[in-house]
file protein29.pdb (PDB, C-alpha atoms, pLDDT in the B column)
ATOM      1  CA  MET A   1       4.847  12.953   5.312  1.00 89.00           C
ATOM      2  CA  LEU A   2       5.619  10.111   7.752  1.00 97.00           C
ATOM      3  CA  ASP A   3       6.943  10.515  11.281  1.00 96.00           C
ATOM      4  CA  ILE A   4       7.720   7.501  13.460  1.00 97.00           C
ATOM      5  CA  LYS A   5       8.477   8.626  17.011  1.00 97.00           C
ATOM      6  CA  GLY A   6       9.806   6.211  19.624  1.00 96.00           C
ATOM      7  CA  LEU A   7       7.962   3.221  18.172  1.00 96.00           C
ATOM      8  CA  THR A   8       8.102   0.192  20.444  1.00 95.00           C
ATOM      9  CA  LYS A   9       6.293  -3.086  19.779  1.00 94.00           C
ATOM     10  CA  CYS A  10       6.597  -6.117  22.053  1.00 93.00           C
ATOM     11  CA  TYR A  11       5.626  -9.746  21.558  1.00 89.00           C
ATOM     12  CA  VAL A  12       5.284 -11.217  25.054  1.00 82.00           C
ATOM     13  CA  GLU A  13       8.589 -10.057  26.589  1.00 78.00           C
ATOM     14  CA  LYS A  14      10.573  -9.570  23.377  1.00 87.00           C
ATOM     15  CA  LYS A  15      10.845  -6.140  21.775  1.00 90.00           C
ATOM     16  CA  ALA A  16      10.364  -6.613  18.031  1.00 93.00           C
ATOM     17  CA  VAL A  17      10.836  -2.860  17.542  1.00 93.00           C
ATOM     18  CA  ASP A  18      12.659  -0.842  20.187  1.00 93.00           C
ATOM     19  CA  ASP A  19      12.309   2.956  20.372  1.00 95.00           C
ATOM     20  CA  LEU A  20      12.470   3.512  16.613  1.00 96.00           C
ATOM     21  CA  SER A  21      12.275   7.056  15.235  1.00 97.00           C
ATOM     22  CA  LEU A  22      12.332   7.946  11.518  1.00 97.00           C
ATOM     23  CA  HIS A  23      11.197  10.874   9.387  1.00 96.00           C
ATOM     24  CA  ILE A  24      10.241  10.347   5.738  1.00 96.00           C
ATOM     25  CA  ALA A  25       9.806  13.675   3.954  1.00 96.00           C
ATOM     26  CA  PRO A  26       7.727  14.329   0.819  1.00 96.00           C
ATOM     27  CA  GLY A  27       9.688  13.573  -2.337  1.00 97.00           C
ATOM     28  CA  THR A  28      11.728  10.812  -0.674  1.00 97.00           C
ATOM     29  CA  ILE A  29      12.220   7.154  -1.549  1.00 97.00           C
ATOM     30  CA  TYR A  30      13.208   5.708   1.825  1.00 97.00           C
ATOM     31  CA  GLY A  31      14.674   2.193   2.058  1.00 96.00           C
ATOM     32  CA  PHE A  32      14.358   0.063   5.184  1.00 95.00           C
ATOM     33  CA  ILE A  33      17.075  -2.575   5.495  1.00 93.00           C
ATOM     34  CA  GLY A  34      17.637  -5.447   7.919  1.00 90.00           C
ATOM     35  CA  HIS A  35      17.957  -9.208   8.166  1.00 88.00           C
ATOM     36  CA  ASN A  36      14.956 -11.508   8.666  1.00 86.00           C
ATOM     37  CA  GLY A  37      13.412 -10.877  12.072  1.00 86.00           C
ATOM     38  CA  ALA A  38      15.016  -7.441  12.460  1.00 89.00           C
ATOM     39  CA  GLY A  39      11.652  -5.701  12.881  1.00 92.00           C
ATOM     40  CA  LYS A  40      11.018  -4.360   9.381  1.00 93.00           C
ATOM     41  CA  THR A  41       7.632  -5.989   8.764  1.00 94.00           C
ATOM     42  CA  THR A  42       6.455  -5.196  12.296  1.00 95.00           C
ATOM     43  CA  THR A  43       7.328  -1.543  11.709  1.00 96.00           C
ATOM     44  CA  LEU A  44       5.585  -1.410   8.340  1.00 96.00           C
ATOM     45  CA  ARG A  45       2.451  -3.091   9.686  1.00 95.00           C
ATOM     46  CA  SER A  46       2.386  -0.663  12.595  1.00 96.00           C
ATOM     47  CA  VAL A  47       2.656   2.278  10.206  1.00 96.00           C
ATOM     48  CA  ALA A  48      -0.174   0.814   8.113  1.00 95.00           C
ATOM     49  CA  GLY A  49      -2.419   0.513  11.173  1.00 94.00           C
ATOM     50  CA  ILE A  50      -2.553  -3.282  11.026  1.00 94.00           C
ATOM     51  CA  LEU A  51      -0.625  -3.823  14.268  1.00 93.00           C
ATOM     52  CA  ASP A  52      -1.154  -1.979  17.492  1.00 93.00           C
ATOM     53  CA  PHE A  53       2.025  -0.883  19.262  1.00 93.00           C
ATOM     54  CA  ASP A  54       3.036  -0.404  22.860  1.00 93.00           C
ATOM     55  CA  GLU A  55       4.806   2.943  22.876  1.00 95.00           C
ATOM     56  CA  GLY A  56       5.456   5.871  20.589  1.00 96.00           C
ATOM     57  CA  GLU A  57       3.535   7.692  17.892  1.00 97.00           C
ATOM     58  CA  ILE A  58       3.103   7.387  14.136  1.00 97.00           C
ATOM     59  CA  LEU A  59       1.984  10.446  12.195  1.00 97.00           C
ATOM     60  CA  ILE A  60       0.998  10.409   8.519  1.00 97.00           C
ATOM     61  CA  GLY A  61       0.462  13.842   7.018  1.00 94.00           C
ATOM     62  CA  GLY A  62       0.255  15.151  10.565  1.00 94.00           C
ATOM     63  CA  LEU A  63      -2.488  12.695  11.586  1.00 96.00           C
ATOM     64  CA  SER A  64      -2.059   9.992  14.218  1.00 96.00           C
ATOM     65  CA  ILE A  65      -2.538   6.402  13.046  1.00 96.00           C
ATOM     66  CA  LYS A  66      -3.994   5.651  16.484  1.00 95.00           C
ATOM     67  CA  ALA A  67      -6.255   8.680  16.870  1.00 95.00           C
ATOM     68  CA  ASP A  68      -7.391   8.976  13.236  1.00 96.00           C
ATOM     69  CA  PRO A  69      -6.729   5.705  11.396  1.00 95.00           C
ATOM     70  CA  ILE A  70      -9.271   6.401   8.644  1.00 95.00           C
ATOM     71  CA  GLY A  71      -7.836   9.849   7.964  1.00 95.00           C
ATOM     72  CA  CYS A  72      -4.374   8.303   7.713  1.00 95.00           C
ATOM     73  CA  LYS A  73      -5.485   5.449   5.476  1.00 94.00           C
ATOM     74  CA  ARG A  74      -7.003   7.867   2.984  1.00 94.00           C
ATOM     75  CA  GLN A  75      -3.498   9.201   2.407  1.00 95.00           C
ATOM     76  CA  PHE A  76      -1.484   6.012   1.931  1.00 97.00           C
ATOM     77  CA  ALA A  77      -1.395   2.617   0.259  1.00 96.00           C
ATOM     78  CA  TYR A  78       0.156  -0.517   1.738  1.00 96.00           C
ATOM     79  CA  ILE A  79       1.501  -3.520  -0.168  1.00 95.00           C
ATOM     80  CA  PRO A  80       2.492  -6.470   2.068  1.00 92.00           C
ATOM     81  CA  ASP A  81       5.199  -8.954   1.149  1.00 88.00           C
ATOM     82  CA  ASN A  82       2.550 -11.528   0.227  1.00 87.00           C
ATOM     83  CA  PRO A  83      -0.546  -9.709  -1.075  1.00 85.00           C
ATOM     84  CA  ASP A  84      -3.701 -11.299   0.318  1.00 87.00           C
ATOM     85  CA  LEU A  85      -6.247 -10.618  -2.433  1.00 94.00           C
ATOM     86  CA  TYR A  86      -9.859 -11.741  -2.794  1.00 95.00           C
ATOM     87  CA  GLU A  87      -9.207 -14.650  -5.115  1.00 94.00           C
ATOM     88  CA  TYR A  88     -12.880 -15.268  -5.924  1.00 95.00           C
ATOM     89  CA  MET A  89     -12.973 -11.879  -7.659  1.00 97.00           C
ATOM     90  CA  THR A  90     -11.736 -11.157 -11.148  1.00 98.00           C
ATOM     91  CA  GLY A  91      -8.872  -8.685 -11.458  1.00 97.00           C
ATOM     92  CA  ILE A  92     -11.125  -5.905 -12.748  1.00 98.00           C
ATOM     93  CA  LYS A  93     -13.711  -6.443 -10.009  1.00 98.00           C
ATOM     94  CA  TYR A  94     -10.992  -6.233  -7.390  1.00 97.00           C
ATOM     95  CA  LEU A  95      -9.637  -2.981  -8.815  1.00 97.00           C
ATOM     96  CA  ASN A  96     -13.138  -1.485  -8.949  1.00 97.00           C
ATOM     97  CA  PHE A  97     -13.705  -2.631  -5.366  1.00 97.00           C
ATOM     98  CA  ILE A  98     -10.566  -0.803  -4.220  1.00 96.00           C
ATOM     99  CA  ALA A  99     -11.533   2.264  -6.252  1.00 97.00           C
ATOM    100  CA  ASP A 100     -14.965   2.249  -4.578  1.00 97.00           C
ATOM    101  CA  ILE A 101     -13.391   2.130  -1.110  1.00 95.00           C
ATOM    102  CA  PHE A 102     -11.280   5.202  -1.839  1.00 95.00           C
ATOM    103  CA  GLY A 103     -14.019   7.067  -3.718  1.00 95.00           C
ATOM    104  CA  VAL A 104     -12.201   7.189  -7.049  1.00 95.00           C
ATOM    105  CA  GLY A 105     -14.511   8.531  -9.771  1.00 96.00           C
ATOM    106  CA  SER A 106     -15.509   6.398 -12.734  1.00 95.00           C
ATOM    107  CA  GLU A 107     -13.491   8.351 -15.298  1.00 96.00           C
ATOM    108  CA  GLU A 108     -10.363   8.516 -13.132  1.00 96.00           C
ATOM    109  CA  ARG A 109     -10.469   4.821 -12.340  1.00 96.00           C
ATOM    110  CA  ARG A 110     -10.885   3.855 -15.991  1.00 96.00           C
ATOM    111  CA  GLU A 111      -7.903   5.958 -16.977  1.00 97.00           C
ATOM    112  CA  ARG A 112      -5.680   4.702 -14.162  1.00 97.00           C
ATOM    113  CA  ILE A 113      -6.634   1.041 -14.530  1.00 97.00           C
ATOM    114  CA  SER A 114      -6.020   1.246 -18.270  1.00 97.00           C
ATOM    115  CA  LYS A 115      -2.685   3.027 -17.786  1.00 97.00           C
ATOM    116  CA  TYR A 116      -1.213   0.680 -15.184  1.00 97.00           C
ATOM    117  CA  ALA A 117      -2.697  -2.569 -16.519  1.00 97.00           C
ATOM    118  CA  ASP A 118      -1.176  -1.776 -19.910  1.00 97.00           C
ATOM    119  CA  LEU A 119       2.178  -0.942 -18.288  1.00 96.00           C
ATOM    120  CA  PHE A 120       2.258  -4.286 -16.476  1.00 96.00           C
ATOM    121  CA  GLU A 121       0.803  -6.179 -19.455  1.00 96.00           C
ATOM    122  CA  LEU A 122      -2.114  -7.322 -17.310  1.00 97.00           C
ATOM    123  CA  THR A 123      -4.998  -5.901 -19.355  1.00 97.00           C
ATOM    124  CA  ASN A 124      -5.915  -9.182 -21.025  1.00 96.00           C
ATOM    125  CA  ASP A 125      -5.973 -10.981 -17.668  1.00 97.00           C
ATOM    126  CA  LEU A 126      -8.263  -8.632 -15.744  1.00 97.00           C
ATOM    127  CA  ALA A 127     -11.358 -10.665 -16.656  1.00 97.00           C
ATOM    128  CA  GLN A 128      -9.813 -13.792 -15.117  1.00 97.00           C
ATOM    129  CA  PRO A 129     -10.332 -14.797 -11.465  1.00 97.00           C
ATOM    130  CA  ILE A 130      -7.431 -13.842  -9.224  1.00 97.00           C
ATOM    131  CA  SER A 131      -7.208 -17.491  -8.151  1.00 96.00           C
ATOM    132  CA  ALA A 132      -5.811 -18.204 -11.630  1.00 96.00           C
ATOM    133  CA  TYR A 133      -3.055 -15.595 -11.296  1.00 95.00           C
ATOM    134  CA  SER A 134       0.593 -16.415 -10.699  1.00 93.00           C
ATOM    135  CA  HIS A 135       2.378 -14.820  -7.738  1.00 92.00           C
ATOM    136  CA  GLY A 136       3.891 -12.219 -10.026  1.00 93.00           C
ATOM    137  CA  MET A 137       0.502 -11.332 -11.509  1.00 95.00           C
ATOM    138  CA  LYS A 138      -0.973 -10.938  -8.026  1.00 95.00           C
ATOM    139  CA  GLN A 139       1.918  -8.661  -7.109  1.00 95.00           C
ATOM    140  CA  LYS A 140       1.263  -6.529 -10.187  1.00 96.00           C
ATOM    141  CA  LEU A 141      -2.458  -6.331  -9.362  1.00 97.00           C
ATOM    142  CA  ALA A 142      -1.636  -5.252  -5.805  1.00 96.00           C
ATOM    143  CA  ILE A 143       0.659  -2.519  -7.133  1.00 97.00           C
ATOM    144  CA  ILE A 144      -2.012  -1.246  -9.528  1.00 97.00           C
ATOM    145  CA  SER A 145      -4.592  -1.195  -6.732  1.00 97.00           C
ATOM    146  CA  ALA A 146      -2.188   0.764  -4.506  1.00 97.00           C
ATOM    147  CA  TRP A 147      -1.723   3.501  -7.094  1.00 97.00           C
ATOM    148  CA  LEU A 148      -5.441   3.839  -7.956  1.00 96.00           C
ATOM    149  CA  HIS A 149      -6.274   6.594  -5.463  1.00 96.00           C
ATOM    150  CA  GLU A 150      -3.025   8.500  -6.031  1.00 95.00           C
ATOM    151  CA  PRO A 151      -1.751   8.089  -2.448  1.00 96.00           C
ATOM    152  CA  LYS A 152       0.629  10.572  -0.892  1.00 96.00           C
ATOM    153  CA  LEU A 153       2.557   7.742   0.775  1.00 97.00           C
ATOM    154  CA  VAL A 154       3.157   4.173  -0.392  1.00 97.00           C
ATOM    155  CA  ILE A 155       4.361   1.602   2.146  1.00 97.00           C
ATOM    156  CA  MET A 156       5.759  -1.627   0.660  1.00 96.00           C
ATOM    157  CA  ASP A 157       7.238  -4.780   2.161  1.00 95.00           C
ATOM    158  CA  GLU A 158       9.685  -6.455  -0.256  1.00 93.00           C
ATOM    159  CA  PRO A 159       7.859  -5.131  -3.345  1.00 93.00           C
ATOM    160  CA  PHE A 160      10.271  -6.568  -5.913  1.00 91.00           C
ATOM    161  CA  VAL A 161       9.905 -10.207  -4.834  1.00 86.00           C
ATOM    162  CA  GLY A 162       8.105 -12.142  -7.563  1.00 84.00           C
ATOM    163  CA  LEU A 163       8.384  -9.418 -10.195  1.00 91.00           C
ATOM    164  CA  ASP A 164      10.167 -10.038 -13.476  1.00 93.00           C
ATOM    165  CA  PRO A 165      12.901  -7.560 -14.529  1.00 93.00           C
ATOM    166  CA  LYS A 166      10.571  -5.536 -16.748  1.00 95.00           C
ATOM    167  CA  ALA A 167       7.920  -5.198 -14.031  1.00 95.00           C
ATOM    168  CA  SER A 168      10.618  -4.252 -11.494  1.00 94.00           C
ATOM    169  CA  HIS A 169      11.830  -1.518 -13.840  1.00 95.00           C
ATOM    170  CA  ILE A 170       8.285  -0.208 -14.262  1.00 96.00           C
ATOM    171  CA  LEU A 171       7.717  -0.157 -10.494  1.00 96.00           C
ATOM    172  CA  LYS A 172      10.937   1.781  -9.926  1.00 95.00           C
ATOM    173  CA  GLY A 173       9.744   4.375 -12.427  1.00 96.00           C
ATOM    174  CA  MET A 174       6.357   4.624 -10.695  1.00 96.00           C
ATOM    175  CA  MET A 175       8.054   5.089  -7.332  1.00 97.00           C
ATOM    176  CA  ARG A 176      10.233   7.903  -8.619  1.00 96.00           C
ATOM    177  CA  GLU A 177       7.316   9.581 -10.407  1.00 96.00           C
ATOM    178  CA  LEU A 178       5.197   9.524  -7.254  1.00 97.00           C
ATOM    179  CA  CYS A 179       7.999  11.132  -5.252  1.00 97.00           C
ATOM    180  CA  ASP A 180       8.721  13.696  -7.966  1.00 96.00           C
ATOM    181  CA  ASN A 181       5.063  14.724  -7.611  1.00 96.00           C
ATOM    182  CA  GLY A 182       5.447  15.298  -3.872  1.00 96.00           C
ATOM    183  CA  GLY A 183       4.651  11.845  -2.517  1.00 97.00           C
ATOM    184  CA  ALA A 184       6.861   9.529  -0.475  1.00 97.00           C
ATOM    185  CA  ILE A 185       7.839   5.853  -0.501  1.00 97.00           C
ATOM    186  CA  PHE A 186       8.771   3.765   2.542  1.00 97.00           C
ATOM    187  CA  PHE A 187       9.762   0.220   1.632  1.00 96.00           C
ATOM    188  CA  SER A 188      11.762  -2.727   2.892  1.00 94.00           C
ATOM    189  CA  THR A 189      14.000  -4.809   0.686  1.00 89.00           C
ATOM    190  CA  HIS A 190      16.721  -7.438   0.826  1.00 85.00           C
ATOM    191  CA  VAL A 191      17.942  -6.421  -2.636  1.00 85.00           C
ATOM    192  CA  LEU A 192      20.669  -4.041  -1.533  1.00 88.00           C
ATOM    193  CA  GLU A 193      21.820  -3.193  -5.056  1.00 88.00           C
ATOM    194  CA  VAL A 194      18.315  -1.931  -5.868  1.00 87.00           C
ATOM    195  CA  ALA A 195      18.155   0.077  -2.648  1.00 89.00           C
ATOM    196  CA  GLU A 196      21.540   1.653  -3.300  1.00 91.00           C
ATOM    197  CA  LYS A 197      20.544   2.829  -6.788  1.00 91.00           C
ATOM    198  CA  LEU A 198      16.957   3.799  -6.019  1.00 93.00           C
ATOM    199  CA  CYS A 199      16.769   5.247  -2.505  1.00 95.00           C
ATOM    200  CA  ASP A 200      17.314   8.843  -1.452  1.00 95.00           C
ATOM    201  CA  GLN A 201      17.575   7.802   2.189  1.00 95.00           C
ATOM    202  CA  VAL A 202      17.993   4.526   4.008  1.00 95.00           C
ATOM    203  CA  ALA A 203      17.699   3.118   7.523  1.00 95.00           C
ATOM    204  CA  ILE A 204      19.342  -0.072   8.786  1.00 93.00           C
ATOM    205  CA  ILE A 205      17.663  -1.909  11.651  1.00 93.00           C
ATOM    206  CA  LYS A 206      18.950  -4.789  13.756  1.00 91.00           C
ATOM    207  CA  GLY A 207      17.199  -6.521  16.625  1.00 90.00           C
ATOM    208  CA  GLY A 208      14.441  -3.933  16.476  1.00 92.00           C
ATOM    209  CA  ARG A 209      16.817  -1.007  16.956  1.00 93.00           C
ATOM    210  CA  LEU A 210      17.962   1.570  14.450  1.00 93.00           C
ATOM    211  CA  ILE A 211      21.703   1.281  13.903  1.00 91.00           C
ATOM    212  CA  ARG A 212      22.230   3.752  11.057  1.00 91.00           C
ATOM    213  CA  SER A 213      20.145   6.134   8.940  1.00 93.00           C
ATOM    214  CA  GLY A 214      20.565   9.099   6.638  1.00 92.00           C
ATOM    215  CA  THR A 215      21.021   9.880   2.977  1.00 93.00           C
ATOM    216  CA  MET A 216      22.460   7.086   0.896  1.00 89.00           C
ATOM    217  CA  ALA A 217      25.757   8.969   0.667  1.00 89.00           C
ATOM    218  CA  GLN A 218      25.898   9.441   4.446  1.00 90.00           C
ATOM    219  CA  VAL A 219      25.150   5.808   5.195  1.00 89.00           C
ATOM    220  CA  LYS A 220      27.470   4.112   2.731  1.00 82.00           C
ATOM    221  CA  GLY A 221      30.271   6.640   2.285  1.00 84.00           C
ATOM    222  CA  ASP A 222      32.830   5.294  -0.168  1.00 78.00           C
ATOM    223  CA  ASP A 223      31.722   1.689   0.275  1.00 84.00           C
ATOM    224  CA  SER A 224      28.794  -0.214  -1.205  1.00 87.00           C
ATOM    225  CA  LEU A 225      25.575  -0.503   0.779  1.00 89.00           C
ATOM    226  CA  GLU A 226      26.148  -4.258   0.949  1.00 86.00           C
ATOM    227  CA  GLU A 227      29.590  -3.790   2.524  1.00 87.00           C
ATOM    228  CA  VAL A 228      28.239  -1.319   5.087  1.00 85.00           C
ATOM    229  CA  PHE A 229      25.279  -3.538   5.916  1.00 84.00           C
ATOM    230  CA  LEU A 230      27.429  -6.627   6.459  1.00 85.00           C
ATOM    231  CA  GLU A 231      29.918  -4.700   8.572  1.00 83.00           C
ATOM    232  CA  LEU A 232      27.166  -3.259  10.775  1.00 79.00           C
ATOM    233  CA  GLU A 233      25.517  -6.672  11.088  1.00 73.00           C
ATOM    234  CA  ASP A 234      28.794  -8.133  12.343  1.00 72.00           C
ATOM    235  CA  THR A 235      29.732  -5.327  14.732  1.00 67.00           C
ATOM    236  CA  SER A 236      26.489  -3.878  16.141  1.00 54.00           C
ATOM    237  CA  CYS A 237      25.160  -5.079  19.428  1.00 48.00           C
TER     238      CYS A 237
END

call {"tool": "encode", "arguments": {"input": "protein29.pdb", "output": "structure tokens"}}
result
Amino acid sequence: MLDIKGLTKCYVEKKAVDDLSLHIAPGTIYGFIGHNGAGKTTTLRSVAGILDFDEGEILIGGLSIKADPIGCKRQFAYIPDNPDLYEYMTGIKYLNFIADIFGVGSEERRERISKYADLFELTNDLAQPISAYSHGMKQKLAIISAWLHEPKLVIMDEPFVGLDPKASHILKGMMRELCDNGGAIFFSTHVLEVAEKLCDQVAIIKGGRLIRSGTMAQVKGDDSLEEVFLELEDTSC
């Protein structure tokens, strides 16, 4: 589903991401772990086609994000850590706008908007301007918009920040359902307990370089993910 091959991204003379290679297969919830400034957001933005990169290749469903960005973007959805929505729009107008971009039919969009807005208890707020939404409500709207076109891959940067416990539980269920239906999730998080319980595979990055990856069992062994992460942070160069 997603192949990152030798990804390198530099800012002036500093390598924010250094020769990173990962494979995220269909059916996989893949966690991306690292401290602030480790290169997680740079990687995710490169995968989403927002940032250009200096070396390497990113393939989504076999298509190159550089050679065929539109073909790639039809297949995935991206939720940044701070969703930048059109605040002059109402919630429902924004969702219809996103549905128009991805060519979602009128019947399908009605069903999906109704389903997810009800799940997140946002239905009664869709007529309100987004400028009146709290951070958590904006996060829920961004999640709904990401699921509207039934993407094969969802890329998320700290998706649980700002969500209440019920909304977090709902999102976890949506992530698992998407992967059970053959999709894939690639997301960053600082909430290691969530990653440990939710992820099938995980990668730990430090200073732009991959320091460990594999199935959750392979990465953490008999320890907790938090213990492994802290040990690697202290010992890795």

call {"tool": "residues_near_point", "arguments": {"input": "protein29.pdb", "point": "(13.8, 1.3, -9.8)", "cutoff": "9 Å", "atoms": "all atoms listed in the file", "output": "tab-separated table (two decimals) with C-alpha atoms, in the coordinates of the input"}}
result
chain	number	residue	atom	x	y	z
A	168	SER	CA	10.62	-4.25	-11.49
A	169	HIS	CA	11.83	-1.52	-13.84
A	170	ILE	CA	8.28	-0.21	-14.26
A	171	LEU	CA	7.72	-0.16	-10.49
A	172	LYS	CA	10.94	1.78	-9.93
A	173	GLY	CA	9.74	4.38	-12.43
A	174	MET	CA	6.36	4.62	-10.70
A	175	MET	CA	8.05	5.09	-7.33
A	176	ARG	CA	10.23	7.90	-8.62
A	194	VAL	CA	18.32	-1.93	-5.87
A	195	ALA	CA	18.16	0.08	-2.65
A	197	LYS	CA	20.54	2.83	-6.79
A	198	LEU	CA	16.96	3.80	-6.02
A	199	CYS	CA	16.77	5.25	-2.50

call {"tool": "axis_aligned_box", "arguments": {"input": "protein29.pdb", "around": "region 174-191 of chain A", "padding_each_side": "3 Å", "output": "lines of an AutoDock Vina configuration file"}}
result
center_x = 11.3
center_y = 3.9
center_z = -3.9
size_x = 19.3
size_y = 28.7
size_z = 19.6

call {"tool": "resolve_selection", "arguments": {"input": "protein29.pdb", "expression": "the PyMOL selection byres ((chain A and resi 74) around 10)", "output": "list in words"}}
result
Pro69, Ile70, Gly71, Cys72, Lys73, Gln75, Phe76, Ala77, Ile101, Phe102, Gly103, His149, Glu150, Pro151, Lys152 and Leu153 of chain A

call {"tool": "resolve_selection", "arguments": {"input": "protein29.pdb", "expression": "the PyMOL selection byres ((chain A and resi 122-136) around 7)", "output": "PyMOL selection string"}}
result
chain A and resi 87-92+117-118+120-121+137-140+162-163

call {"tool": "residues_around", "arguments": {"input": "protein29.pdb", "residues": "Val202 (chain A)", "least_positions_apart": "6", "cutoff": "12 Å", "atoms": "only C-alpha atoms", "output": "VMD selection string"}}
result
chain A and resid 22 to 24 28 to 34 185 to 189 192 194 to 196 210 to 220 225 228 to 229

call {"tool": "atom_distance", "arguments": {"input": "protein29.pdb", "atom1": "CA of Arg45 (chain A)", "atom2": "CA of Pro80 (chain A)"}}
result
8.3 Å

call {"tool": "atom_distance", "arguments": {"input": "protein29.pdb", "atom1": "CA of Ala146 (chain A)", "atom2": "CA of Gly37 (chain A)"}}
result
25.6 Å

call {"tool": "resolve_selection", "arguments": {"input": "protein29.pdb", "expression": "the PyMOL selection byres ((chain A and resi 57) around 8)", "output": "PyMOL selection string"}}
result
chain A and resi 3-7+55-56+58-59+64-66

call {"tool": "atom_distance", "arguments": {"input": "protein29.pdb", "atom1": "CA of Tyr11 (chain A)", "atom2": "CA of Gly207 (chain A)"}}
result
13.0 Å

call {"tool": "closest_residue", "arguments": {"input": "protein29.pdb", "among": "A:Val104, A:Leu95, A:Ala203, A:Ile155", "to": "Leu141 (chain A)", "atoms": "all atoms listed in the file"}}
result
A:Leu95

call {"tool": "closest_residue", "arguments": {"input": "protein29.pdb", "among": "A:Ile113, A:Leu85, A:Leu119, A:Asp222", "to": "Lys166 (chain A)", "atoms": "only C-alpha atoms"}}
result
A:Leu119

call {"tool": "closest_residue", "arguments": {"input": "protein29.pdb", "among": "A:Ile50, A:Ala99, A:Ala16, A:Ala25", "to": "Gly182 (chain A)", "atoms": "only C-alpha atoms"}}
result
A:Ala25

call {"tool": "closest_residue", "arguments": {"input": "protein29.pdb", "among": "A:Glu233, A:Cys179, A:Arg112, A:Ile98", "to": "Ile205 (chain A)", "atoms": "all atoms listed in the file"}}
result
A:Glu233

call {"tool": "closest_residue", "arguments": {"input": "protein29.pdb", "among": "A:Ile79, A:Cys10, A:Val17, A:Leu178", "to": "Lys40 (chain A)", "atoms": "all atoms listed in the file"}}
result
A:Val17

call {"tool": "closest_residue", "arguments": {"input": "protein29.pdb", "among": "A:Asp19, A:Glu158, A:Asp68, A:Glu108", "to": "Pro83 (chain A)", "atoms": "only C-alpha atoms"}}
result
A:Glu158
